[in-house]
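Peer 1: Starting off with a structure, shown below.
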Amino acid sequence: MEILLTIAYSALFIFIINKMQFFHVDGISKRTFSLLFILKLFFGFSLWAIYTFHYTDRATADIYKYFDDSAVIYNTLKTNPIDYFKLLFGIGNNTPAFDQYYSEMNFWARKVDSNIYNDSHTIIRFNALVRLFSFGYYNVHTVVICFLSLIGLTAIYKTFVTHLQDKKRELLFAVFLLPSVLFWGSGVLKEGLIFFALGLLIYYSSKLVSLKAIVICILMALLLAFSKFYVWLAIFPSIVLFVWINKTNAKNIFLKFGTIIVFIGAIGLNIDSFTNIQNPLVTLSQKQYEFNLLANGHLTDANHNPIPVANSIIQTNKLEPTLYSFLVNSPQAFVNTFLRPFIWELKSPLMLLSGLETLLIILTLIFSLFFIKTLKTIKWEYVLFCISFVLIQFLIIGETTPIIGAIARYKTTALPFLAIALLFIIDKEKMLKKMPFLKKILN
């Protein structure tokens, strides 16, 4: 039954892709979109197979942890439908009456007491919603997340393709075909939801003249914040820059960008002085503490068995809840996120995938520096948009995460933007003159 439903929903979404106006895109045919969707399905099913037949501990596999917990919410439909909707939308569900449900879920509550919002709630609720028509078959959820992720990635492509007309093929690769994006962005994980929300937020932030665009931006900003708050935090300055430039012009771009960073930074670092919101530096310090407990085997899984020490654990400097500590740790954090895993750290096929991808990006960066455009011709508003998002996200991940495998996955949502920034910098014509053999590949 699962195979039939999976095939049926896959066919339905391919039909929608071919009929939906949203997928009418410059540089990509409907047939190509269908192939991209099928490719994402292949990687989504591969992720399922790896964590079903190779890494067989269901209690520690992210693709199953939140899927299994969602069954508790879904099952309330049979006994108390009102409770289902309260749990699904987070309305009036923080009362002792709901403890009976939370006690059955293994990952609704954090292992460590913290003031940080538990973003696992979002992916659990997503799975509980999809169960309405998946009937509990896991790979139907894979099909849905692949479609949502494809929408988000398409929105990212549509945002930048107008300004990269001579690099449509390269942009397609940068957005859709990076190995991490295909792999982690096609599984029943937060990354798929993040790409969906992130892409639509960016795309519609350039169209804020309509009520539809404003509503979509608000909804996607909320979904992004509740899926991975640090991704929302990282993209916020870029969105502000994007809107400012679109409403005015790109003159004094560096002054505008600097003003945004200083203004947002000053408010963010002092937000606990005039609101009840926790200082983000305290949040990051707590997050690192939680991750260190997990990495060093000080926590237990859903079956109360000790979680072993992480295979790819690395030593990181302790992050104190101060700006000084964050700045001092930043070089190490950036190196860990941008350059690792190193060659000698490639201990598994998944790590090899990440290592090859890192090598590809480094080589592209070198190419960009060798064949860089004249500075006046670079569209700095888009470069700053992408680099700001990448840098903030890389620093947050590197400051808090002591596991290379986790770093490799978490930085997935930043990698397309790093590649896009490099496309804006590189002079393709100059490169092809020096290396004409690339014409058959890039043209």
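Ordered as shown in the structure tokens, chains take letters A, B, and onward, while each chain numbers its residues from 1 and ligands are numbered from 1 in the order shown.
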Could you tell me, as a tab-separated table (two decimals) with all heavy atoms, in the first residue's frame, which residues of range 281-370 of chain A DSSP assigns to alpha helix (DSSP H) when given the backbone?

Peer 2:
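What landed in result.tsv:
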chain	number	residue	atom	x	y	z
A	281	LEU	N	23.11	36.00	22.74
A	281	LEU	CA	24.40	35.45	23.14
A	281	LEU	C	24.22	34.40	24.23
A	281	LEU	O	24.95	33.40	24.27
A	281	LEU	CB	25.33	36.57	23.62
A	281	LEU	CG	25.76	37.56	22.55
A	281	LEU	CD1	26.55	38.71	23.16
A	281	LEU	CD2	26.60	36.87	21.47
A	282	VAL	N	23.25	34.62	25.11
A	282	VAL	CA	22.92	33.62	26.13
A	282	VAL	C	22.35	32.37	25.46
A	282	VAL	O	22.70	31.23	25.81
A	282	VAL	CB	21.91	34.17	27.16
A	282	VAL	CG1	21.50	33.09	28.16
A	282	VAL	CG2	22.52	35.36	27.90
A	283	THR	N	21.50	32.59	24.46
A	283	THR	CA	20.90	31.47	23.72
A	283	THR	C	21.97	30.63	23.04
A	283	THR	O	21.95	29.39	23.10
A	283	THR	CB	19.91	32.00	22.67
A	283	THR	OG1	18.89	32.75	23.32
A	283	THR	CG2	19.28	30.85	21.91
A	284	LEU	N	22.93	31.28	22.40
A	284	LEU	CA	24.00	30.56	21.71
A	284	LEU	C	24.86	29.79	22.70
A	284	LEU	O	25.26	28.64	22.44
A	284	LEU	CB	24.87	31.53	20.92
A	284	LEU	CG	24.22	32.19	19.70
A	284	LEU	CD1	25.18	33.18	19.06
A	284	LEU	CD2	23.78	31.15	18.68
A	285	SER	N	25.13	30.39	23.84
A	285	SER	CA	25.92	29.71	24.87
A	285	SER	C	25.22	28.46	25.37
A	285	SER	O	25.83	27.40	25.55
A	285	SER	CB	26.20	30.67	26.03
A	285	SER	OG	26.93	30.04	27.05
A	286	GLN	N	23.90	28.57	25.58
A	286	GLN	CA	23.11	27.41	26.02
A	286	GLN	C	23.09	26.33	24.95
A	286	GLN	O	23.17	25.14	25.25
A	286	GLN	CB	21.68	27.85	26.36
A	286	GLN	CG	21.56	28.69	27.62
A	286	GLN	CD	20.12	29.11	27.88
A	286	GLN	OE1	19.28	29.06	26.98
A	286	GLN	NE2	19.84	29.52	29.10
A	287	LYS	N	22.96	26.77	23.70
A	287	LYS	CA	22.91	25.81	22.60
A	287	LYS	C	24.21	25.02	22.52
A	287	LYS	O	24.20	23.80	22.30
A	287	LYS	CB	22.65	26.54	21.29
A	287	LYS	CG	22.31	25.63	20.12
A	287	LYS	CD	20.95	24.97	20.32
A	287	LYS	CE	20.56	24.14	19.12
A	287	LYS	NZ	19.29	23.42	19.34
A	288	GLN	N	25.35	25.70	22.67
A	288	GLN	CA	26.63	25.00	22.65
A	288	GLN	C	26.72	24.00	23.80
A	288	GLN	O	27.21	22.88	23.64
A	288	GLN	CB	27.79	25.99	22.73
A	288	GLN	CG	29.15	25.31	22.53
A	288	GLN	CD	30.30	26.16	23.02
A	288	GLN	OE1	30.34	26.57	24.18
A	288	GLN	NE2	31.26	26.42	22.14
A	289	TYR	N	26.23	24.41	24.97
A	289	TYR	CA	26.26	23.52	26.14
A	289	TYR	C	25.45	22.26	25.88
A	289	TYR	O	25.90	21.14	26.15
A	289	TYR	CB	25.70	24.27	27.36
A	289	TYR	CG	25.51	23.40	28.58
A	289	TYR	CD1	26.59	22.92	29.30
A	289	TYR	CD2	24.22	23.05	29.01
A	289	TYR	CE1	26.41	22.12	30.43
A	289	TYR	CE2	24.03	22.26	30.12
A	289	TYR	CZ	25.12	21.80	30.82
A	289	TYR	OH	24.94	20.99	31.93
A	290	GLU	N	24.26	22.41	25.31
A	290	GLU	CA	23.42	21.25	24.98
A	290	GLU	C	24.13	20.33	23.99
A	290	GLU	O	24.12	19.11	24.14
A	290	GLU	CB	22.09	21.71	24.37
A	290	GLU	CG	21.16	22.40	25.35
A	290	GLU	CD	19.85	22.79	24.68
A	290	GLU	OE1	19.55	22.25	23.59
A	290	GLU	OE2	19.13	23.62	25.24
A	291	PHE	N	24.72	20.93	22.97
A	291	PHE	CA	25.39	20.14	21.94
A	291	PHE	C	26.59	19.39	22.51
A	291	PHE	O	26.88	18.26	22.10
A	291	PHE	CB	25.82	21.02	20.77
A	291	PHE	CG	25.20	20.62	19.47
A	291	PHE	CD1	24.45	21.53	18.74
A	291	PHE	CD2	25.34	19.34	18.97
A	291	PHE	CE1	23.87	21.16	17.53
A	291	PHE	CE2	24.76	18.96	17.78
A	291	PHE	CZ	24.03	19.88	17.05
A	292	ASN	N	27.31	20.01	23.42
A	292	ASN	CA	28.46	19.35	24.03
A	292	ASN	C	28.02	18.14	24.86
A	292	ASN	O	28.70	17.11	24.87
A	292	ASN	CB	29.26	20.33	24.88
A	292	ASN	CG	30.20	21.18	24.07
A	292	ASN	OD1	30.78	20.70	23.10
A	292	ASN	ND2	30.35	22.44	24.43
A	293	LEU	N	26.90	18.27	25.55
A	293	LEU	CA	26.36	17.13	26.31
A	293	LEU	C	26.05	15.97	25.37
A	293	LEU	O	26.37	14.82	25.65
A	293	LEU	CB	25.11	17.55	27.08
A	293	LEU	CG	25.28	18.48	28.28
A	293	LEU	CD1	23.92	18.79	28.90
A	293	LEU	CD2	26.20	17.87	29.34
A	294	LEU	N	25.40	16.29	24.24
A	294	LEU	CA	25.05	15.27	23.27
A	294	LEU	C	26.30	14.63	22.67
A	294	LEU	O	26.43	13.41	22.60
A	294	LEU	CB	24.20	15.89	22.16
A	294	LEU	CG	23.87	14.99	20.97
A	294	LEU	CD1	22.96	13.84	21.41
A	294	LEU	CD2	23.20	15.80	19.86
A	295	ALA	N	27.25	15.47	22.25
A	295	ALA	CA	28.44	14.98	21.57
A	295	ALA	C	29.30	14.09	22.46
A	295	ALA	O	29.93	13.13	22.00
A	295	ALA	CB	29.28	16.15	21.05
A	323	LEU	N	29.79	39.23	23.95
A	323	LEU	CA	30.20	39.56	22.59
A	323	LEU	C	31.68	39.28	22.39
A	323	LEU	O	32.10	38.82	21.32
A	323	LEU	CB	29.89	41.03	22.30
A	323	LEU	CG	30.27	41.55	20.90
A	323	LEU	CD1	29.54	40.76	19.82
A	323	LEU	CD2	29.96	43.04	20.78
A	324	TYR	N	32.49	39.53	23.42
A	324	TYR	CA	33.93	39.29	23.32
A	324	TYR	C	34.21	37.81	23.04
A	324	TYR	O	35.01	37.48	22.16
A	324	TYR	CB	34.62	39.71	24.61
A	324	TYR	CG	36.10	39.38	24.64
A	324	TYR	CD1	37.02	40.18	23.96
A	324	TYR	CD2	36.57	38.27	25.35
A	324	TYR	CE1	38.37	39.87	23.97
A	324	TYR	CE2	37.92	37.95	25.36
A	324	TYR	CZ	38.82	38.76	24.68
A	324	TYR	OH	40.15	38.44	24.69
A	325	SER	N	33.55	36.92	23.77
A	325	SER	CA	33.75	35.49	23.57
A	325	SER	C	33.31	35.07	22.17
A	325	SER	O	33.98	34.28	21.51
A	325	SER	CB	32.96	34.70	24.62
A	325	SER	OG	33.12	33.31	24.44
A	326	PHE	N	32.19	35.62	21.69
A	326	PHE	CA	31.71	35.29	20.35
A	326	PHE	C	32.72	35.70	19.29
A	326	PHE	O	33.02	34.94	18.37
A	326	PHE	CB	30.37	35.99	20.10
A	326	PHE	CG	29.75	35.68	18.77
A	326	PHE	CD1	28.93	34.57	18.61
A	326	PHE	CD2	29.98	36.50	17.66
A	326	PHE	CE1	28.37	34.27	17.37
A	326	PHE	CE2	29.42	36.22	16.43
A	326	PHE	CZ	28.61	35.10	16.29
A	327	LEU	N	33.28	36.91	19.43
A	327	LEU	CA	34.24	37.42	18.44
A	327	LEU	C	35.55	36.62	18.48
A	327	LEU	O	36.12	36.30	17.43
A	327	LEU	CB	34.51	38.90	18.69
A	327	LEU	CG	33.32	39.84	18.44
A	327	LEU	CD1	33.69	41.27	18.83
A	327	LEU	CD2	32.88	39.78	16.99
A	328	VAL	N	36.01	36.29	19.68
A	328	VAL	CA	37.26	35.52	19.82
A	328	VAL	C	37.11	34.13	19.20
A	328	VAL	O	38.04	33.61	18.58
A	328	VAL	CB	37.67	35.42	21.30
A	328	VAL	CG1	38.79	34.40	21.48
A	328	VAL	CG2	38.13	36.78	21.81
A	329	ASN	N	35.94	33.53	19.36
A	329	ASN	CA	35.71	32.18	18.83
A	329	ASN	C	35.35	32.17	17.34
A	329	ASN	O	35.32	31.09	16.72
A	329	ASN	CB	34.57	31.51	19.61
A	329	ASN	CG	34.96	31.14	21.02
A	329	ASN	OD1	36.13	31.26	21.40
A	329	ASN	ND2	34.00	30.71	21.81
A	330	SER	N	35.09	33.33	16.76
A	330	SER	CA	34.59	33.40	15.39
A	330	SER	C	35.54	32.80	14.35
A	330	SER	O	35.08	32.07	13.46
A	330	SER	CB	34.25	34.84	15.02
A	330	SER	OG	33.11	35.27	15.74
A	331	PRO	N	36.86	33.07	14.39
A	331	PRO	CA	37.74	32.46	13.38
A	331	PRO	C	37.67	30.93	13.39
A	331	PRO	O	37.58	30.30	12.34
A	331	PRO	CB	39.13	32.97	13.78
A	331	PRO	CG	38.87	34.25	14.49
A	331	PRO	CD	37.60	34.03	15.25
A	332	GLN	N	37.72	30.34	14.58
A	332	GLN	CA	37.62	28.89	14.68
A	332	GLN	C	36.26	28.41	14.17
A	332	GLN	O	36.17	27.40	13.44
A	332	GLN	CB	37.81	28.43	16.12
A	332	GLN	CG	37.72	26.92	16.31
A	332	GLN	CD	37.52	26.51	17.77
A	332	GLN	OE1	36.57	26.92	18.42
A	332	GLN	NE2	38.44	25.72	18.28
A	333	ALA	N	35.22	29.13	14.52
A	333	ALA	CA	33.87	28.75	14.09
A	333	ALA	C	33.74	28.77	12.58
A	333	ALA	O	33.17	27.86	11.97
A	333	ALA	CB	32.84	29.68	14.73
A	334	PHE	N	34.30	29.80	11.95
A	334	PHE	CA	34.20	29.92	10.49
A	334	PHE	C	34.99	28.82	9.79
A	334	PHE	O	34.51	28.22	8.82
A	334	PHE	CB	34.70	31.29	10.04
A	334	PHE	CG	34.52	31.52	8.57
A	334	PHE	CD1	33.28	31.81	8.05
A	334	PHE	CD2	35.60	31.42	7.70
A	334	PHE	CE1	33.10	32.01	6.68
A	334	PHE	CE2	35.44	31.62	6.34
A	334	PHE	CZ	34.18	31.91	5.82
A	335	VAL	N	36.18	28.53	10.29
A	335	VAL	CA	37.00	27.46	9.71
A	335	VAL	C	36.27	26.12	9.82
A	335	VAL	O	36.22	25.34	8.86
A	335	VAL	CB	38.38	27.39	10.40
A	335	VAL	CG1	39.11	26.11	10.00
A	335	VAL	CG2	39.22	28.60	10.02
A	336	ASN	N	35.70	25.84	11.00
A	336	ASN	CA	35.01	24.57	11.21
A	336	ASN	C	33.82	24.41	10.25
A	336	ASN	O	33.57	23.32	9.74
A	336	ASN	CB	34.51	24.46	12.65
A	336	ASN	CG	35.63	24.18	13.63
A	336	ASN	OD1	36.73	23.77	13.24
A	336	ASN	ND2	35.37	24.41	14.90
A	337	THR	N	33.12	25.50	9.99
A	337	THR	CA	31.94	25.41	9.14
A	337	THR	C	32.30	25.42	7.66
A	337	THR	O	31.75	24.66	6.87
A	337	THR	CB	30.97	26.57	9.43
A	337	THR	OG1	30.75	26.68	10.83
A	337	THR	CG2	29.63	26.34	8.75
A	338	PHE	N	33.23	26.27	7.29
A	338	PHE	CA	33.54	26.45	5.87
A	338	PHE	C	34.46	25.37	5.31
A	338	PHE	O	34.26	24.86	4.21
A	338	PHE	CB	34.18	27.83	5.64
A	338	PHE	CG	34.49	28.11	4.20
A	338	PHE	CD1	33.47	28.13	3.25
A	338	PHE	CD2	35.78	28.36	3.79
A	338	PHE	CE1	33.75	28.39	1.92
A	338	PHE	CE2	36.07	28.62	2.45
A	338	PHE	CZ	35.05	28.63	1.52
A	349	PRO	N	30.78	7.50	4.00
A	349	PRO	CA	30.34	8.01	2.71
A	349	PRO	C	29.67	9.38	2.81
A	349	PRO	O	29.85	10.23	1.92
A	349	PRO	CB	29.35	6.93	2.24
A	349	PRO	CG	29.81	5.69	2.92
A	349	PRO	CD	30.31	6.13	4.27
A	350	LEU	N	28.89	9.61	3.87
A	350	LEU	CA	28.23	10.90	4.03
A	350	LEU	C	29.25	12.01	4.26
A	350	LEU	O	29.09	13.13	3.75
A	350	LEU	CB	27.24	10.86	5.20
A	350	LEU	CG	26.04	9.92	5.03
A	350	LEU	CD1	25.10	10.03	6.22
A	350	LEU	CD2	25.30	10.22	3.74
A	351	MET	N	30.30	11.72	5.02
A	351	MET	CA	31.35	12.70	5.25
A	351	MET	C	32.13	12.95	3.95
A	351	MET	O	32.54	14.08	3.67
A	351	MET	CB	32.30	12.20	6.34
A	351	MET	CG	31.64	12.09	7.71
A	351	MET	SD	31.29	13.68	8.44
A	351	MET	CE	32.92	14.10	9.04
A	352	LEU	N	32.31	11.90	3.16
A	352	LEU	CA	32.99	12.04	1.88
A	352	LEU	C	32.21	12.97	0.96
A	352	LEU	O	32.78	13.83	0.27
A	352	LEU	CB	33.17	10.67	1.21
A	352	LEU	CG	33.83	10.67	-0.18
A	352	LEU	CD1	35.24	11.23	-0.11
A	352	LEU	CD2	33.84	9.26	-0.75
A	353	LEU	N	30.89	12.82	0.97
A	353	LEU	CA	30.01	13.68	0.18
A	353	LEU	C	30.21	15.13	0.57
A	353	LEU	O	30.38	16.01	-0.29
A	353	LEU	CB	28.55	13.26	0.41
A	353	LEU	CG	27.48	14.04	-0.36
A	353	LEU	CD1	27.47	13.62	-1.81
A	353	LEU	CD2	26.11	13.79	0.26
A	354	SER	N	30.23	15.40	1.85
A	354	SER	CA	30.41	16.76	2.34
A	354	SER	C	31.80	17.28	2.01
A	354	SER	O	31.98	18.45	1.63
A	354	SER	CB	30.17	16.82	3.85
A	354	SER	OG	30.38	18.12	4.35
A	355	GLY	N	32.82	16.41	2.15
A	355	GLY	CA	34.19	16.82	1.85
A	355	GLY	C	34.38	17.19	0.39
A	355	GLY	O	35.03	18.19	0.07
A	356	LEU	N	33.81	16.41	-0.53
A	356	LEU	CA	33.91	16.70	-1.95
A	356	LEU	C	33.18	18.00	-2.30
A	356	LEU	O	33.64	18.78	-3.14
A	356	LEU	CB	33.34	15.54	-2.77
A	356	LEU	CG	34.13	14.22	-2.72
A	356	LEU	CD1	33.38	13.12	-3.45
A	356	LEU	CD2	35.53	14.41	-3.31
A	357	GLU	N	32.06	18.20	-1.64
A	357	GLU	CA	31.30	19.43	-1.87
A	357	GLU	C	32.09	20.65	-1.40
A	357	GLU	O	32.14	21.68	-2.09
A	357	GLU	CB	29.97	19.34	-1.12
A	357	GLU	CG	29.05	20.51	-1.34
A	357	GLU	CD	27.71	20.26	-0.67
A	357	GLU	OE1	27.70	20.13	0.58
A	357	GLU	OE2	26.70	20.18	-1.37
A	358	THR	N	32.73	20.54	-0.24
A	358	THR	CA	33.56	21.63	0.27
A	358	THR	C	34.70	21.92	-0.69
A	358	THR	O	35.01	23.09	-0.99
A	358	THR	CB	34.12	21.27	1.66
A	358	THR	OG1	33.03	21.07	2.57
A	358	THR	CG2	35.02	22.38	2.19
A	359	LEU	N	35.32	20.86	-1.22
A	359	LEU	CA	36.41	21.02	-2.19
A	359	LEU	C	35.91	21.74	-3.44
A	359	LEU	O	36.60	22.62	-3.98
A	359	LEU	CB	37.00	19.66	-2.55
A	359	LEU	CG	38.14	19.64	-3.58
A	359	LEU	CD1	39.33	20.44	-3.07
A	359	LEU	CD2	38.55	18.21	-3.90
A	360	LEU	N	34.72	21.37	-3.91
A	360	LEU	CA	34.13	22.00	-5.09
A	360	LEU	C	33.93	23.49	-4.87
A	360	LEU	O	34.24	24.32	-5.74
A	360	LEU	CB	32.80	21.32	-5.43
A	360	LEU	CG	31.99	21.94	-6.58
A	360	LEU	CD1	32.75	21.84	-7.89
A	360	LEU	CD2	30.62	21.26	-6.69
A	361	ILE	N	33.43	23.85	-3.70
A	361	ILE	CA	33.16	25.26	-3.40
A	361	ILE	C	34.47	26.04	-3.29
A	361	ILE	O	34.58	27.18	-3.77
A	361	ILE	CB	32.33	25.38	-2.11
A	361	ILE	CG1	30.91	24.85	-2.38
A	361	ILE	CG2	32.28	26.83	-1.64
A	361	ILE	CD1	30.05	24.78	-1.15
A	362	ILE	N	35.48	25.43	-2.68
A	362	ILE	CA	36.78	26.10	-2.56
A	362	ILE	C	37.39	26.34	-3.94
A	362	ILE	O	37.93	27.42	-4.22
A	362	ILE	CB	37.73	25.27	-1.67
A	362	ILE	CG1	37.24	25.27	-0.22
A	362	ILE	CG2	39.16	25.82	-1.75
A	362	ILE	CD1	38.02	24.35	0.69
A	363	LEU	N	37.30	25.35	-4.83
A	363	LEU	CA	37.82	25.50	-6.18
A	363	LEU	C	37.07	26.60	-6.94
A	363	LEU	O	37.67	27.39	-7.68
A	363	LEU	CB	37.72	24.18	-6.95
A	363	LEU	CG	38.66	23.06	-6.48
A	363	LEU	CD1	38.36	21.76	-7.23
A	363	LEU	CD2	40.12	23.46	-6.68
A	364	THR	N	35.75	26.65	-6.73
A	364	THR	CA	34.96	27.70	-7.36
A	364	THR	C	35.35	29.07	-6.83
A	364	THR	O	35.41	30.06	-7.58
A	364	THR	CB	33.45	27.46	-7.12
A	364	THR	OG1	33.09	26.15	-7.56
A	364	THR	CG2	32.62	28.48	-7.88
A	365	LEU	N	35.62	29.14	-5.54
A	365	LEU	CA	36.08	30.40	-4.93
A	365	LEU	C	37.40	30.85	-5.55
A	365	LEU	O	37.58	32.02	-5.88
A	365	LEU	CB	36.23	30.22	-3.42
A	365	LEU	CG	36.82	31.41	-2.65
A	365	LEU	CD1	35.93	32.64	-2.83
A	365	LEU	CD2	36.96	31.07	-1.17
A	366	ILE	N	38.32	29.90	-5.73
A	366	ILE	CA	39.61	30.22	-6.35
A	366	ILE	C	39.41	30.72	-7.78
A	366	ILE	O	40.02	31.71	-8.21
A	366	ILE	CB	40.54	29.00	-6.32
A	366	ILE	CG1	40.90	28.64	-4.86
A	366	ILE	CG2	41.81	29.26	-7.13
A	366	ILE	CD1	41.65	27.34	-4.71
A	367	PHE	N	38.55	30.03	-8.53
A	367	PHE	CA	38.24	30.46	-9.89
A	367	PHE	C	37.68	31.88	-9.88
A	367	PHE	O	38.03	32.70	-10.73
A	367	PHE	CB	37.22	29.51	-10.52
A	367	PHE	CG	37.83	28.42	-11.35
A	367	PHE	CD1	38.46	27.34	-10.77
A	367	PHE	CD2	37.77	28.49	-12.73
A	367	PHE	CE1	39.03	26.34	-11.53
A	367	PHE	CE2	38.33	27.48	-13.52
A	367	PHE	CZ	38.96	26.41	-12.92
A	368	SER	N	36.81	32.16	-8.93
A	368	SER	CA	36.19	33.48	-8.84
A	368	SER	C	37.23	34.56	-8.62
A	368	SER	O	37.13	35.66	-9.18
A	368	SER	CB	35.16	33.50	-7.71
A	368	SER	OG	34.15	32.54	-7.92
A	369	LEU	N	38.21	34.28	-7.79
A	369	LEU	CA	39.26	35.26	-7.50
A	369	LEU	C	40.19	35.46	-8.69
A	369	LEU	O	40.67	36.57	-8.94
A	369	LEU	CB	40.04	34.85	-6.26
A	369	LEU	CG	39.24	34.79	-4.95
A	369	LEU	CD1	40.10	34.30	-3.80
A	369	LEU	CD2	38.64	36.15	-4.63
A	370	PHE	N	40.44	34.39	-9.44
A	370	PHE	CA	41.31	34.49	-10.63
A	370	PHE	C	40.60	35.23	-11.77
A	370	PHE	O	41.24	35.95	-12.54
A	370	PHE	CB	41.72	33.09	-11.11
A	370	PHE	CG	43.00	32.61	-10.48
A	370	PHE	CD1	43.00	31.58	-9.56
A	370	PHE	CD2	44.22	33.20	-10.82
A	370	PHE	CE1	44.17	31.12	-8.98
A	370	PHE	CE2	45.41	32.76	-10.25
A	370	PHE	CZ	45.39	31.72	-9.32

Peer 1: Can you tell me which residues surround Ser149 in chain A at a distance of at most 6 Å, considering only C-alpha atoms, apart from same-chain residues fewer than 3 positions away, and format the answer as JSON, numbers by chain?

Peer 2: {"A": [145, 146, 152, 192, 195, 196]}

Peer 1: Contacts of Leu148 in chain A at 12 Å or less, counting only C-alpha atoms, minus same-chain residues fewer than 3 places along, as a VMD selection string?

Peer 2: chain A and resid 13 17 37 40 to 41 126 141 to 145 151 to 155 185 to 200

Peer 1: Rounded to one decimal in Å, what is the spacing between CA of Phe176 in chain A and CA of Leu208 in chain A?

Peer 2: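 About the pair CA of Phe176 in chain A and CA of Leu208 in chain A: they are 25.7 Å apart.
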
Peer 1: For the atom pair CA of Asn252 in chain A and CA of Val240 in chain A, what is the interatomic distance in Å to one decimal place?

Peer 2: 15.0 Å

Peer 1: Between CA of Glu345 in chain A and CA of Ser46 in chain A, what is the distance in Å, rounded to a tenth?

Peer 2: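 A separation of 23.1 Å between them.
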
Peer 1: Nearest residue to Ile124 in chain A out of A:Arg169, A:Pro96, A:Gly44, A:Ser227, using only C-alpha atoms?

Peer 2: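 Of the candidates, the smallest distance to Ile124 in chain A is held by A:Ser227.
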
Peer 1: For a quick check of understanding, using only C-alpha atoms, which of A:Arg58, A:Lys86, A:Arg131, A:Lys19 has the smallest distance to Ala71 in chain A?

Peer 2: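 That would be A:Arg131, the residue with the smallest distance to Ala71 in chain A.
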
Peer 1: Identify, on the basis of only C-alpha atoms, every residue whose closest approach to Ala234 in chain A does not exceed 9 Å; exclude the query and any residue fewer than 3 positions from it along the same chain; express the result as number ranges by chain.

Peer 2: A: 229-231, 237-238, 388-393, 396
